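Structure file run.tsv with TSV, C-alpha atoms:
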chain	number	residue	atom	x	y	z
F	1	MET	CA	-14.56	16.67	26.13
F	2	THR	CA	-15.59	13.38	27.61
F	3	LEU	CA	-17.22	10.82	25.40
F	4	SER	CA	-19.69	8.35	26.73
F	5	SER	CA	-18.21	4.90	26.54
F	6	GLN	CA	-20.87	3.92	24.02
F	7	ASP	CA	-19.85	6.82	21.80
F	8	GLU	CA	-16.23	5.90	22.19
F	9	LEU	CA	-16.90	2.39	20.94
F	10	LEU	CA	-18.93	3.80	18.05
F	11	LEU	CA	-16.12	6.16	17.15
F	12	ASN	CA	-13.54	3.38	17.16
F	13	ALA	CA	-15.75	1.05	15.16
F	14	TYR	CA	-16.38	3.84	12.66
F	15	VAL	CA	-12.67	4.48	12.15
F	16	ASP	CA	-12.11	0.73	11.78
F	17	GLY	CA	-14.84	0.40	9.16
F	18	GLU	CA	-16.80	-1.98	11.38
F	19	LEU	CA	-20.14	-0.13	11.43
F	20	ASP	CA	-22.87	-1.39	9.16
F	21	PRO	CA	-23.98	1.09	6.48
F	22	ILE	CA	-27.03	2.31	8.45
F	23	GLU	CA	-25.02	2.90	11.63
F	24	ALA	CA	-22.22	4.52	9.66
F	25	SER	CA	-24.53	6.95	7.93
F	26	SER	CA	-26.25	8.05	11.12
F	27	PHE	CA	-22.84	8.45	12.75
F	28	GLU	CA	-21.66	10.57	9.84
F	29	GLN	CA	-24.66	12.85	10.31
F	30	ARG	CA	-23.61	13.43	13.89
F	31	LEU	CA	-20.06	14.11	12.73
F	32	GLN	CA	-21.20	17.01	10.60
F	33	SER	CA	-22.17	19.03	13.62
F	34	ASP	CA	-19.66	17.77	16.18
F	35	ALA	CA	-16.19	19.25	15.90
F	36	ALA	CA	-14.94	17.38	18.97
F	37	LEU	CA	-15.85	14.02	17.50
F	38	ASN	CA	-14.08	14.98	14.30
F	39	ALA	CA	-10.95	15.87	16.23
F	40	GLN	CA	-11.04	12.46	17.91
F	41	ILE	CA	-11.30	10.77	14.56
F	42	GLU	CA	-8.33	12.70	13.26
F	43	THR	CA	-6.34	11.61	16.30
F	44	LEU	CA	-7.21	7.94	15.79
F	45	ARG	CA	-6.24	8.14	12.13
F	46	ALA	CA	-2.99	9.90	12.95
F	47	LEU	CA	-2.16	7.16	15.47
F	48	ARG	CA	-2.76	4.56	12.81
F	49	GLY	CA	-0.49	6.40	10.37
F	50	ALA	CA	2.24	6.63	12.99
F	51	LEU	CA	1.94	2.93	13.80
F	52	ARG	CA	2.24	1.92	10.20
F	53	SER	CA	5.01	4.34	9.27
F	54	ASP	CA	7.94	1.97	9.56
F	55	LEU	CA	6.34	-1.31	8.53
F	56	ALA	CA	8.77	-1.74	5.65
F	57	GLU	CA	11.63	-2.17	8.11
F	58	ASP	CA	9.61	-4.52	10.25
F	59	VAL	CA	10.62	-7.71	8.47
F	60	PRO	CA	12.54	-10.76	9.60
F	61	SER	CA	16.14	-11.37	8.58
F	62	PRO	CA	16.93	-13.89	5.82
F	63	GLU	CA	18.74	-15.79	8.54
F	64	LEU	CA	15.38	-16.67	10.13
F	65	ARG	CA	14.17	-18.26	6.92
F	66	ARG	CA	17.35	-20.29	6.78
F	67	ARG	CA	16.97	-21.44	10.38
F	68	ILE	CA	13.39	-22.56	9.89
F	69	MET	CA	14.23	-24.40	6.69
F	70	ALA	CA	17.06	-26.18	8.45
F	71	LYS	CA	14.67	-27.27	11.22
F	72	LEU	CA	12.09	-28.51	8.77
F	73	ASN	CA	14.59	-30.52	6.79
F	74	PRO	CA	13.94	-33.03	5.37
F	75	PRO	CA	10.80	-31.57	3.80
F	76	PRO	CA	7.54	-33.36	4.58
F	77	ARG	CA	6.04	-35.76	2.12
F	78	ALA	CA	2.35	-35.88	1.33
F	79	ASP	CA	1.61	-39.44	2.44
F	80	ARG	CA	-1.69	-39.87	0.71
F	81	ASN	CA	-3.39	-38.07	-2.05
F	82	SER	CA	-6.10	-37.09	0.39
F	83	TRP	CA	-7.77	-33.80	0.97
F	84	MET	CA	-5.89	-33.46	4.22
F	85	ALA	CA	-2.56	-33.95	2.54
F	86	LEU	CA	-3.46	-31.26	0.07
F	87	ALA	CA	-4.58	-28.92	2.83
F	88	ALA	CA	-1.42	-29.69	4.75
F	89	SER	CA	0.87	-28.94	1.87
F	90	PHE	CA	-1.04	-25.74	1.20
F	91	LEU	CA	-0.57	-24.70	4.80
F	92	VAL	CA	3.08	-25.51	4.94
F	93	GLY	CA	3.36	-23.24	1.96
F	94	ALA	CA	1.23	-20.60	3.61
F	95	VAL	CA	2.99	-20.65	6.96
F	96	LEU	CA	6.39	-20.58	5.41
F	97	ALA	CA	5.57	-18.52	2.36
F	98	GLY	CA	8.80	-17.12	1.15
F	99	VAL	CA	10.89	-19.64	3.01
F	100	THR	CA	10.97	-22.02	0.12
F	101	SER	CA	12.39	-19.35	-2.12
F	102	PHE	CA	15.58	-19.40	-0.18
F	103	GLY	CA	18.51	-20.06	-2.41
F	104	ALA	CA	19.88	-22.83	-0.21
F	105	LEU	CA	17.30	-25.10	-1.74
F	106	ASN	CA	19.60	-26.12	-4.49
F	107	TYR	CA	17.18	-28.52	-6.11
F	108	ARG	CA	15.40	-25.44	-7.34
F	109	THR	CA	17.70	-24.59	-10.16
F	110	SER	CA	17.50	-21.37	-12.06
F	111	ASP	CA	16.21	-23.46	-14.95
F	112	GLU	CA	13.18	-24.40	-12.88
F	113	LEU	CA	12.76	-20.77	-11.96
F	114	ALA	CA	12.81	-19.88	-15.66
F	115	GLU	CA	10.01	-22.38	-16.18
F	116	GLN	CA	7.98	-20.79	-13.42
F	117	VAL	CA	8.33	-17.23	-14.65
F	118	VAL	CA	7.57	-18.27	-18.24
F	119	SER	CA	4.47	-20.07	-16.91
F	120	ALA	CA	3.46	-16.94	-15.01
F	121	HIS	CA	3.95	-14.87	-18.16
F	122	VAL	CA	1.83	-17.27	-20.23
F	123	ARG	CA	-0.80	-17.39	-17.52
F	124	GLY	CA	-0.93	-13.60	-17.62
F	125	LEU	CA	-1.56	-13.69	-21.36
F	126	MET	CA	-4.41	-16.19	-20.92
F	127	ALA	CA	-6.28	-14.05	-18.40
F	128	PRO	CA	-8.94	-11.61	-19.68
F	129	GLN	CA	-6.42	-8.87	-19.05
F	130	PRO	CA	-2.74	-9.34	-18.24
F	131	THR	CA	-2.69	-6.85	-15.36
F	132	ASP	CA	-4.51	-6.26	-12.08
F	133	VAL	CA	-3.70	-2.59	-12.15
F	134	ALA	CA	-3.76	-1.06	-15.62
F	135	SER	CA	-1.84	2.16	-15.97
F	136	SER	CA	0.99	3.56	-18.02
F	137	SER	CA	2.14	5.71	-15.11
F	138	HIS	CA	4.61	4.39	-12.57
F	139	HIS	CA	3.02	6.81	-10.08
F	140	THR	CA	-0.07	4.62	-10.20
F	141	VAL	CA	1.52	1.20	-10.57
F	142	LYS	CA	4.22	1.47	-7.91
F	143	PRO	CA	1.94	2.42	-5.00
F	144	TRP	CA	-0.50	-0.32	-6.01
F	145	PHE	CA	2.06	-2.88	-4.81
F	146	ASN	CA	2.05	-1.40	-1.27
F	147	GLY	CA	0.97	-4.01	1.21
F	148	LYS	CA	1.06	-6.77	-1.38
F	149	LEU	CA	4.80	-7.37	-1.22
F	150	ALA	CA	7.49	-7.18	1.42
F	151	PHE	CA	9.64	-4.99	-0.81
F	152	ALA	CA	9.11	-1.95	-3.06
F	153	PRO	CA	9.56	-2.93	-6.70
F	154	THR	CA	11.34	-0.72	-9.21
F	155	VAL	CA	8.88	0.61	-11.79
F	156	ALA	CA	10.45	2.40	-14.74
F	157	ASP	CA	8.63	4.47	-17.39
F	158	LEU	CA	10.06	3.39	-20.72
F	159	GLY	CA	7.26	4.73	-22.94
F	160	ALA	CA	9.53	7.25	-24.63
F	161	GLN	CA	11.92	4.44	-25.58
F	162	GLY	CA	9.22	2.34	-27.20
F	163	PHE	CA	8.27	0.13	-24.25
F	164	PRO	CA	5.15	1.69	-22.68
F	165	LEU	CA	4.07	0.39	-19.29
F	166	VAL	CA	0.76	-1.47	-19.42
F	167	GLY	CA	0.33	-2.17	-15.72
F	168	GLY	CA	1.21	-4.58	-12.96
F	169	ARG	CA	0.05	-7.65	-11.13
F	170	VAL	CA	1.22	-9.95	-8.38
F	171	ASP	CA	2.29	-13.47	-9.35
F	172	VAL	CA	3.35	-16.28	-7.09
F	173	VAL	CA	6.72	-17.79	-7.90
F	174	ARG	CA	8.13	-20.46	-5.61
F	175	VAL	CA	5.30	-19.87	-3.15
F	176	GLU	CA	6.20	-16.22	-2.76
F	177	PRO	CA	4.41	-13.19	-4.11
F	178	VAL	CA	6.49	-11.37	-6.71
F	179	ALA	CA	5.94	-8.10	-8.54
F	180	SER	CA	5.08	-8.46	-12.22
F	181	LEU	CA	5.22	-5.43	-14.46
F	182	VAL	CA	3.78	-5.63	-17.93
F	183	TYR	CA	5.27	-3.59	-20.76
F	184	SER	CA	4.22	-3.63	-24.39
F	185	HIS	CA	6.39	-3.50	-27.45
F	186	GLY	CA	4.58	-3.44	-30.76
F	187	LYS	CA	2.14	-6.33	-30.51
F	188	HIS	CA	4.22	-8.17	-27.92
F	189	LEU	CA	3.93	-8.05	-24.17
F	190	ILE	CA	6.91	-8.24	-21.85
F	191	SER	CA	6.49	-9.44	-18.27
F	192	LEU	CA	9.12	-8.17	-15.86
F	193	PHE	CA	9.21	-10.09	-12.57
F	194	GLU	CA	10.91	-8.73	-9.47
F	195	MET	CA	11.61	-10.87	-6.42
F	196	PRO	CA	13.86	-10.56	-3.37
F	197	ASN	CA	17.30	-11.97	-4.05
F	198	THR	CA	18.04	-14.24	-1.14
F	199	SER	CA	21.71	-14.71	-1.95
F	200	GLY	CA	22.32	-10.96	-1.93
F	201	ALA	CA	24.87	-11.19	-4.73
F	202	SER	CA	24.64	-9.26	-7.97
F	203	ALA	CA	24.45	-11.35	-11.11
F	204	PRO	CA	24.89	-10.42	-14.77
F	205	VAL	CA	22.20	-11.05	-17.39
F	206	THR	CA	21.75	-14.71	-18.24
F	207	SER	CA	19.46	-16.05	-20.91
F	208	HIS	CA	17.02	-18.99	-20.84
F	209	LYS	CA	14.80	-20.35	-23.59
F	210	LYS	CA	11.50	-22.07	-22.76
F	211	GLN	CA	8.72	-23.06	-25.15
F	212	GLY	CA	9.62	-20.34	-27.61
F	213	TYR	CA	9.84	-17.67	-24.95
F	214	LEU	CA	13.02	-15.92	-24.02
F	215	ALA	CA	13.66	-15.21	-20.35
F	216	LEU	CA	16.49	-12.92	-19.29
F	217	SER	CA	17.48	-12.79	-15.67
F	218	TRP	CA	19.81	-10.62	-13.66
F	219	SER	CA	20.23	-9.41	-10.13
F	220	ASP	CA	21.24	-6.09	-8.63
F	221	GLY	CA	21.94	-7.49	-5.19
F	222	ALA	CA	18.68	-6.94	-3.33
F	223	ILE	CA	16.32	-7.87	-6.16
F	224	THR	CA	16.37	-10.55	-8.86
F	225	TYR	CA	14.72	-9.61	-12.14
F	226	TRP	CA	13.28	-11.80	-14.87
F	227	ALA	CA	12.11	-10.37	-18.20
F	228	VAL	CA	10.01	-12.75	-20.31
F	229	SER	CA	8.60	-12.21	-23.79
F	230	ASP	CA	8.10	-13.71	-27.24
F	231	THR	CA	9.43	-10.57	-28.87
F	232	ALA	CA	12.69	-10.71	-30.87
F	233	PRO	CA	15.71	-11.52	-28.64
F	234	ASP	CA	17.44	-8.28	-29.56
F	235	GLU	CA	14.38	-6.29	-28.58
F	236	LEU	CA	14.15	-7.99	-25.19
F	237	LYS	CA	17.87	-7.40	-24.63
F	238	ASN	CA	17.34	-3.78	-25.54
F	239	PHE	CA	14.45	-3.58	-23.06
F	240	VAL	CA	16.61	-5.05	-20.31
F	241	ARG	CA	19.39	-2.59	-21.07
F	242	LEU	CA	16.95	0.36	-20.92
F	243	PHE	CA	15.28	-0.90	-17.74
F	244	ARG	CA	18.59	-1.38	-15.96
F	245	ALA	CA	19.73	2.09	-17.00
F	246	ALA	CA	16.45	3.59	-15.73
F	247	ALA	CA	16.65	1.59	-12.50
F	248	ALA	CA	20.23	2.72	-11.91
F	249	ASN	CA	19.14	6.36	-12.26
F	250	SER	CA	16.02	6.13	-10.13
E	1	MET	CA	2.02	-10.78	2.12
E	2	PRO	CA	3.90	-13.83	3.34
E	3	TYR	CA	2.71	-15.01	6.75
E	4	LEU	CA	6.30	-15.20	7.89
E	5	VAL	CA	6.42	-11.41	7.88
E	6	ASP	CA	3.06	-11.25	9.68
E	7	ALA	CA	4.25	-13.76	12.22
E	8	PHE	CA	7.47	-11.87	12.81
E	9	ARG	CA	5.71	-8.54	13.26
E	10	LEU	CA	3.27	-9.86	15.85
E	11	ALA	CA	6.04	-11.59	17.79
E	12	ARG	CA	8.20	-8.50	17.66
E	13	TRP	CA	5.48	-6.24	19.02
E	14	LEU	CA	4.61	-8.71	21.76
E	15	ALA	CA	8.18	-9.56	22.74
E	16	GLY	CA	9.75	-6.18	22.05
E	17	SER	CA	12.94	-7.30	20.35
E	18	ARG	CA	13.90	-8.60	16.93
E	19	ALA	CA	16.05	-11.43	18.25
E	20	ASP	CA	13.36	-12.72	20.61
E	21	ALA	CA	10.76	-12.38	17.85
E	22	GLU	CA	12.83	-14.59	15.57
E	23	ASP	CA	13.15	-17.25	18.25
E	24	ILE	CA	9.41	-17.12	18.79
E	25	VAL	CA	8.60	-17.33	15.09
E	26	GLN	CA	10.91	-20.29	14.70
E	27	GLU	CA	9.18	-22.08	17.55
E	28	ALA	CA	5.75	-21.09	16.24
E	29	SER	CA	6.64	-22.46	12.79
E	30	MET	CA	7.45	-25.82	14.32
E	31	ARG	CA	4.18	-25.80	16.26
E	32	ALA	CA	2.19	-24.80	13.19
E	33	PHE	CA	3.87	-27.53	11.24
E	34	LYS	CA	3.12	-30.18	13.85
E	35	ASN	CA	-0.47	-29.06	14.28
E	36	ILE	CA	-1.37	-28.59	10.67
E	37	ARG	CA	-4.06	-31.21	10.99
E	38	GLY	CA	-5.66	-29.12	13.69
E	39	PHE	CA	-6.41	-26.46	11.14
E	40	SER	CA	-10.08	-26.83	10.33
E	41	GLY	CA	-10.34	-24.44	7.44
E	42	GLY	CA	-11.26	-20.79	7.67
E	43	ASN	CA	-8.76	-18.00	7.80
E	44	PRO	CA	-5.20	-19.40	7.53
E	45	ARG	CA	-3.68	-16.05	8.44
E	46	GLY	CA	-5.74	-15.87	11.61
E	47	TRP	CA	-4.72	-19.44	12.40
E	48	VAL	CA	-1.02	-18.62	11.98
E	49	LEU	CA	-1.33	-15.47	14.10
E	50	THR	CA	-3.14	-17.41	16.82
E	51	ILE	CA	-0.22	-19.82	17.02
E	52	VAL	CA	2.29	-16.98	17.05
E	53	ARG	CA	0.37	-15.21	19.80
E	54	ASN	CA	0.17	-18.28	21.98
E	55	THR	CA	3.80	-19.14	21.34
E	56	SER	CA	4.82	-15.58	22.21
E	57	TYR	CA	3.12	-15.75	25.59
E	58	SER	CA	4.46	-19.17	26.45
E	59	TRP	CA	7.94	-18.10	25.32
E	60	LEU	CA	7.73	-14.94	27.43
E	61	ALA	CA	6.43	-16.89	30.41
E	62	LYS	CA	9.41	-19.19	30.15
E	63	ASN	CA	12.13	-16.66	29.37
E	64	ARG	CA	10.88	-13.47	31.00
E	65	PRO	CA	8.42	-14.59	33.66
E	66	LYS	CA	8.37	-11.19	35.36
E	67	ASP	CA	7.16	-9.29	32.32
E	68	VAL	CA	4.20	-11.34	31.31
E	69	VAL	CA	0.67	-10.22	31.92
E	70	PHE	CA	-1.90	-12.63	30.66
E	71	SER	CA	-5.08	-11.39	29.11
E	72	ASP	CA	-7.35	-12.84	31.78
E	73	ASP	CA	-5.04	-11.80	34.56
E	74	LEU	CA	-5.04	-8.01	34.73
E	75	ASP	CA	-3.52	-6.88	37.98
E	76	GLN	CA	-4.55	-3.98	40.15
E	77	HIS	CA	-1.79	-1.71	38.90
E	78	HIS	CA	-2.87	-1.99	35.32
E	79	ARG	CA	-6.50	-1.59	36.19
E	80	GLU	CA	-5.66	1.67	37.94
E	81	GLN	CA	-3.67	2.81	34.95
E	82	ILE	CA	-6.66	2.24	32.73
E	83	GLU	CA	-9.01	4.03	35.08
E	84	GLN	CA	-6.61	6.92	35.23
E	85	ALA	CA	-6.43	7.12	31.46
E	86	ALA	CA	-10.21	6.98	31.29
E	87	THR	CA	-10.54	10.04	33.48
E	88	ASP	CA	-7.73	11.78	31.62
E	89	GLN	CA	-9.52	11.79	28.33
E	90	MET	CA	-8.92	15.49	28.00
E	91	GLN	CA	-5.33	14.70	27.18
E	92	THR	CA	-5.78	14.11	23.53
E	93	PRO	CA	-2.59	14.94	21.66
E	94	GLU	CA	-2.75	17.19	18.67
E	95	THR	CA	-2.86	15.37	15.38
E	96	ALA	CA	0.15	17.39	14.28
E	97	LEU	CA	2.11	16.16	17.26
E	98	ILE	CA	1.40	12.54	16.38
E	99	ALA	CA	2.37	13.10	12.78
E	100	LYS	CA	5.80	14.33	13.87
E	101	LEU	CA	6.55	11.31	16.01
E	102	GLU	CA	9.48	9.14	15.06
E	103	ALA	CA	8.78	5.46	14.53
E	104	GLU	CA	11.01	4.73	17.50
E	105	GLN	CA	8.91	6.92	19.79
E	106	VAL	CA	5.73	5.21	18.66
E	107	ARG	CA	7.32	1.87	19.36
E	108	LYS	CA	8.23	2.94	22.89
E	109	ALA	CA	4.76	4.30	23.57
E	110	ILE	CA	3.25	0.98	22.52
E	111	ALA	CA	5.80	-1.00	24.50
E	112	VAL	CA	4.53	0.48	27.75
E	113	LEU	CA	0.93	-0.55	27.08
E	114	PRO	CA	-0.17	-3.56	29.11
E	115	ALA	CA	0.04	-6.67	26.94
E	116	PRO	CA	-3.72	-7.34	26.71
E	117	PHE	CA	-4.21	-3.91	25.17
E	118	ARG	CA	-1.07	-3.95	23.09
E	119	GLU	CA	-1.92	-7.19	21.35
E	120	ILE	CA	-5.38	-5.99	20.31
E	121	LEU	CA	-3.97	-2.71	19.03
E	122	VAL	CA	-1.24	-4.47	17.05
E	123	LEU	CA	-3.61	-7.01	15.51
E	124	ARG	CA	-5.87	-4.17	14.45
E	125	GLU	CA	-3.39	-1.54	13.25
E	126	ILE	CA	-0.35	-3.52	12.14
E	127	HIS	CA	-2.08	-6.64	10.83
E	128	ASP	CA	-5.25	-4.84	9.76
E	129	LEU	CA	-7.49	-7.64	11.06
E	130	ASP	CA	-11.21	-7.07	11.49
E	131	TYR	CA	-12.84	-7.34	14.91
E	132	ARG	CA	-14.13	-10.85	14.30
E	133	THR	CA	-10.69	-12.22	13.41
E	134	ILE	CA	-9.06	-10.43	16.33
E	135	ALA	CA	-11.65	-12.04	18.62
E	136	GLU	CA	-10.68	-15.45	17.24
E	137	VAL	CA	-6.93	-14.89	17.48
E	138	ALA	CA	-7.08	-13.52	21.02
E	139	ALA	CA	-9.86	-15.91	22.10
E	140	LEU	CA	-12.02	-13.07	23.39
E	141	PRO	CA	-15.65	-12.02	22.94
E	142	ILE	CA	-16.01	-9.33	20.32
E	143	GLY	CA	-17.28	-6.82	22.88
E	144	THR	CA	-14.08	-7.23	24.87
E	145	VAL	CA	-12.05	-6.69	21.71
E	146	MET	CA	-13.91	-3.44	21.10
E	147	SER	CA	-13.51	-2.11	24.62
E	148	ARG	CA	-9.82	-3.11	24.81
E	149	LEU	CA	-9.11	-1.50	21.47
E	150	ALA	CA	-10.77	1.74	22.54
E	151	ARG	CA	-8.83	1.71	25.80
E	152	ALA	CA	-5.59	0.84	24.07
E	153	ARG	CA	-5.96	3.85	21.83
E	154	ARG	CA	-6.90	6.07	24.73
E	155	LEU	CA	-3.86	4.89	26.68
E	156	LEU	CA	-1.60	5.40	23.70
E	157	SER	CA	-2.95	8.92	23.19
E	158	ALA	CA	-2.45	9.69	26.85
E	159	THR	CA	1.10	8.33	26.78
E	160	ILE	CA	1.94	10.46	23.78
E	161	ALA	CA	0.23	13.56	25.14
E	162	THR	CA	2.10	13.36	28.42
E	163	GLY	CA	5.46	12.78	26.76
E	164	ILE	CA	7.04	9.53	25.75
E	165	PRO	CA	8.63	7.70	28.68

Output the file's structure as structure tokens, nothing else.
Amino acid sequence: MTLSSQDELLLNAYVDGELDPIEASSFEQRLQSDAALNAQIETLRALRGALRSDLAEDVPSPELRRRIMAKLNPPPRADRNSWMALAASFLVGAVLAGVTSFGALNYRTSDELAEQVVSAHVRGLMAPQPTDVASSSHHTVKPWFNGKLAFAPTVADLGAQGFPLVGGRVDVVRVEPVASLVYSHGKHLISLFEMPNTSGASAPVTSHKKQGYLALSWSDGAITYWAVSDTAPDELKNFVRLFRAAAANS
Amino acid sequence: MPYLVDAFRLARWLAGSRADAEDIVQEASMRAFKNIRGFSGGNPRGWVLTIVRNTSYSWLAKNRPKDVVFSDDLDQHHREQIEQAATDQMQTPETALIAKLEAEQVRKAIAVLPAPFREILVLREIHDLDYRTIAEVAALPIGTVMSRLARARRLLSATIATGIP
């Protein structure tokens, strides 16, 4: 089968979602009676799937982040409180998103990090709903993070143990998107944050108190976890113990 | 998604190796940083990718001058390749065949595409940009983006159907 070049462009634009609704609907009518066109569409979609199949491995090494940070040191200062300075600082953040999270920046202490995750937790409670994807099933919540993060977060179902999953959202901590899972316990909500661990070393659970919230943090090597809640300390510790056990078995 | 990952992916597809891509991204970061005042608003991701694209080509021109084909500089050989692929449209691989391909094979098939087609394909499929943004990043009219994308896919299909090199 040979397509006219006009049809070929139409076909490509259709697969890319670039046709306007009127064009798309008339194209779909043609599709119903044209097996060859359908086969072409399947081929284009299969190519896309093949191209995207190993995206997760297609990420830069932590070493690159370190190199860029070293080059940019000392960090720029916003000279004036102008719009441009604001835009510039936003863009530095955007271009190097993730870079600033690198552990070599020792002025970011874990205490500051605790402040940020507690703020993110509180911000979540202020919003009309604390999640962007609401579901008690990890089969729904886990895939929702695809394409939003450069890593696959661990999502554990702890409903049977008294900590049902409420849903998930993406927060930004130290200019990097992080996974936030929301669990409930009685009337309390627990935010569990997951972020890439740039040091690569495992760390035991440490505890931080901020504004009446308890934040527990630990690391399993690749990922650093922060659990934040206003529930009783023993309950949060219990949650962390259950989550770690579930994560170890998953 | 952090733009650093986006930047790295584009550079890797254009340069073909992880190590070169990291050098390019490092250079592009410095350029982006210096030229931040040149950013006039709009799509920051497109802006970053534009810098990475331009840095990739200047890096390749400097370090691998023999490999570079610039977008507005298609040579006769490539033109013939495209014409050949256009007449070979019958060679559409089975969907099942594509599904079985290893990531490595896909990578190789894309690596043999001429750069002007490869970059459009990568911006569309890997970075999921719409036609308008691709046109901005590659500094091309939208009609050229559409025809190059169609040809890139046709070439890729033909490469796969005839066996990966």

Counting all atoms listed in the file, what are the residues of chain E within 7 Å of chain F, and for each of them which pair of atoms is the nearest and at what distance in Å, to one decimal? Sort the table by chain and rising number, as JSON lines.
{"residue": "E:Met1", "atom": "CA", "partner": "F:Lys148", "partner_atom": "CA", "distance": 5.4}
{"residue": "E:Pro2", "atom": "CA", "partner": "F:Ala97", "partner_atom": "CA", "distance": 5.1}
{"residue": "E:Tyr3", "atom": "CA", "partner": "F:Val95", "partner_atom": "CA", "distance": 5.7}
{"residue": "E:Leu4", "atom": "CA", "partner": "F:Leu96", "partner_atom": "CA", "distance": 5.9}
{"residue": "E:Val5", "atom": "CA", "partner": "F:Val59", "partner_atom": "CA", "distance": 5.6}
{"residue": "E:Phe8", "atom": "CA", "partner": "F:Pro60", "partner_atom": "CA", "distance": 6.1}
{"residue": "E:Arg9", "atom": "CA", "partner": "F:Asp58", "partner_atom": "CA", "distance": 6.4}
{"residue": "E:Glu22", "atom": "CA", "partner": "F:Leu64", "partner_atom": "CA", "distance": 6.4}
{"residue": "E:Gln26", "atom": "CA", "partner": "F:Ile68", "partner_atom": "CA", "distance": 5.9}
{"residue": "E:Phe33", "atom": "CA", "partner": "F:Val92", "partner_atom": "CA", "distance": 6.7}
{"residue": "E:Ile36", "atom": "CA", "partner": "F:Ala88", "partner_atom": "CA", "distance": 6.0}
{"residue": "E:Arg37", "atom": "CA", "partner": "F:Ala88", "partner_atom": "CA", "distance": 6.9}
{"residue": "E:Val48", "atom": "CA", "partner": "F:Val95", "partner_atom": "CA", "distance": 6.7}
{"residue": "E:Gln89", "atom": "CA", "partner": "F:Thr2", "partner_atom": "CA", "distance": 6.3}
{"residue": "E:Met90", "atom": "CA", "partner": "F:Met1", "partner_atom": "CA", "distance": 6.1}
{"residue": "E:Thr95", "atom": "CA", "partner": "F:Thr43", "partner_atom": "CA", "distance": 5.2}
{"residue": "E:Ile98", "atom": "CA", "partner": "F:Ala46", "partner_atom": "CA", "distance": 6.2}
{"residue": "E:Ala99", "atom": "CA", "partner": "F:Ala46", "partner_atom": "CA", "distance": 6.2}
{"residue": "E:Ala103", "atom": "CA", "partner": "F:Asp54", "partner_atom": "CA", "distance": 6.1}
{"residue": "E:Val106", "atom": "CA", "partner": "F:Leu51", "partner_atom": "CA", "distance": 6.6}
{"residue": "E:Glu125", "atom": "CA", "partner": "F:Arg48", "partner_atom": "CA", "distance": 6.1}
{"residue": "E:Ile126", "atom": "CA", "partner": "F:Arg52", "partner_atom": "CA", "distance": 6.3}
{"residue": "E:Met146", "atom": "CA", "partner": "F:Leu9", "partner_atom": "CA", "distance": 6.6}
{"residue": "E:Ser147", "atom": "CA", "partner": "F:Leu9", "partner_atom": "CA", "distance": 6.7}
{"residue": "E:Ala150", "atom": "CA", "partner": "F:Asn12", "partner_atom": "CA", "distance": 6.3}

What does the file look like for those residues with C-alpha atoms, as a PDB file, in the coordinates of the input?
ATOM      1  CA  MET E   1       2.020 -10.780   2.120  1.00  0.00           C
ATOM      2  CA  PRO E   2       3.900 -13.830   3.340  1.00  0.00           C
ATOM      3  CA  TYR E   3       2.710 -15.010   6.750  1.00  0.00           C
ATOM      4  CA  LEU E   4       6.300 -15.200   7.890  1.00  0.00           C
ATOM      5  CA  VAL E   5       6.420 -11.410   7.880  1.00  0.00           C
ATOM      6  CA  PHE E   8       7.470 -11.870  12.810  1.00  0.00           C
ATOM      7  CA  ARG E   9       5.710  -8.540  13.260  1.00  0.00           C
ATOM      8  CA  GLU E  22      12.830 -14.590  15.570  1.00  0.00           C
ATOM      9  CA  GLN E  26      10.910 -20.290  14.700  1.00  0.00           C
ATOM     10  CA  PHE E  33       3.870 -27.530  11.240  1.00  0.00           C
ATOM     11  CA  ILE E  36      -1.370 -28.590  10.670  1.00  0.00           C
ATOM     12  CA  ARG E  37      -4.060 -31.210  10.990  1.00  0.00           C
ATOM     13  CA  VAL E  48      -1.020 -18.620  11.980  1.00  0.00           C
ATOM     14  CA  GLN E  89      -9.520  11.790  28.330  1.00  0.00           C
ATOM     15  CA  MET E  90      -8.920  15.490  28.000  1.00  0.00           C
ATOM     16  CA  THR E  95      -2.860  15.370  15.380  1.00  0.00           C
ATOM     17  CA  ILE E  98       1.400  12.540  16.380  1.00  0.00           C
ATOM     18  CA  ALA E  99       2.370  13.100  12.780  1.00  0.00           C
ATOM     19  CA  ALA E 103       8.780   5.460  14.530  1.00  0.00           C
ATOM     20  CA  VAL E 106       5.730   5.210  18.660  1.00  0.00           C
ATOM     21  CA  GLU E 125      -3.390  -1.540  13.250  1.00  0.00           C
ATOM     22  CA  ILE E 126      -0.350  -3.520  12.140  1.00  0.00           C
ATOM     23  CA  MET E 146     -13.910  -3.440  21.100  1.00  0.00           C
ATOM     24  CA  SER E 147     -13.510  -2.110  24.620  1.00  0.00           C
ATOM     25  CA  ALA E 150     -10.770   1.740  22.540  1.00  0.00           C
TER      26      ALA E 150
END

From E:Leu60, E:Ala139, E:Ile24, E:Leu156, residue lying nearest Ile110 (chain E) [all atoms listed in the file]: E:Leu156

All residues 12 Å or closer to Leu140 (chain E), only C-alpha atoms, same chain fewer than 5 positions away omitted, as a VMD selection string: chain E and resid 50 71 to 72 116 119 to 120 131 to 135 145 to 148

Give me, as CSV, each residue of region 187-222 of chain F that comes within 12 Å of region 123-135 of chain F, together with its shortest interatomic pair and the distance in Å at one decimal, counting all atoms listed in the file, with rows ordered by chain and rising residue number.
residue,atom,partner,partner_atom,distance
F:His188,CA,F:Leu125,CA,10.3
F:Leu189,CA,F:Leu125,CA,8.4
F:Ile190,CA,F:Leu125,CA,10.1
F:Ser191,CA,F:Gly124,CA,8.5
F:Leu192,CA,F:Gly124,CA,11.6
F:Phe193,CA,F:Gly124,CA,11.9
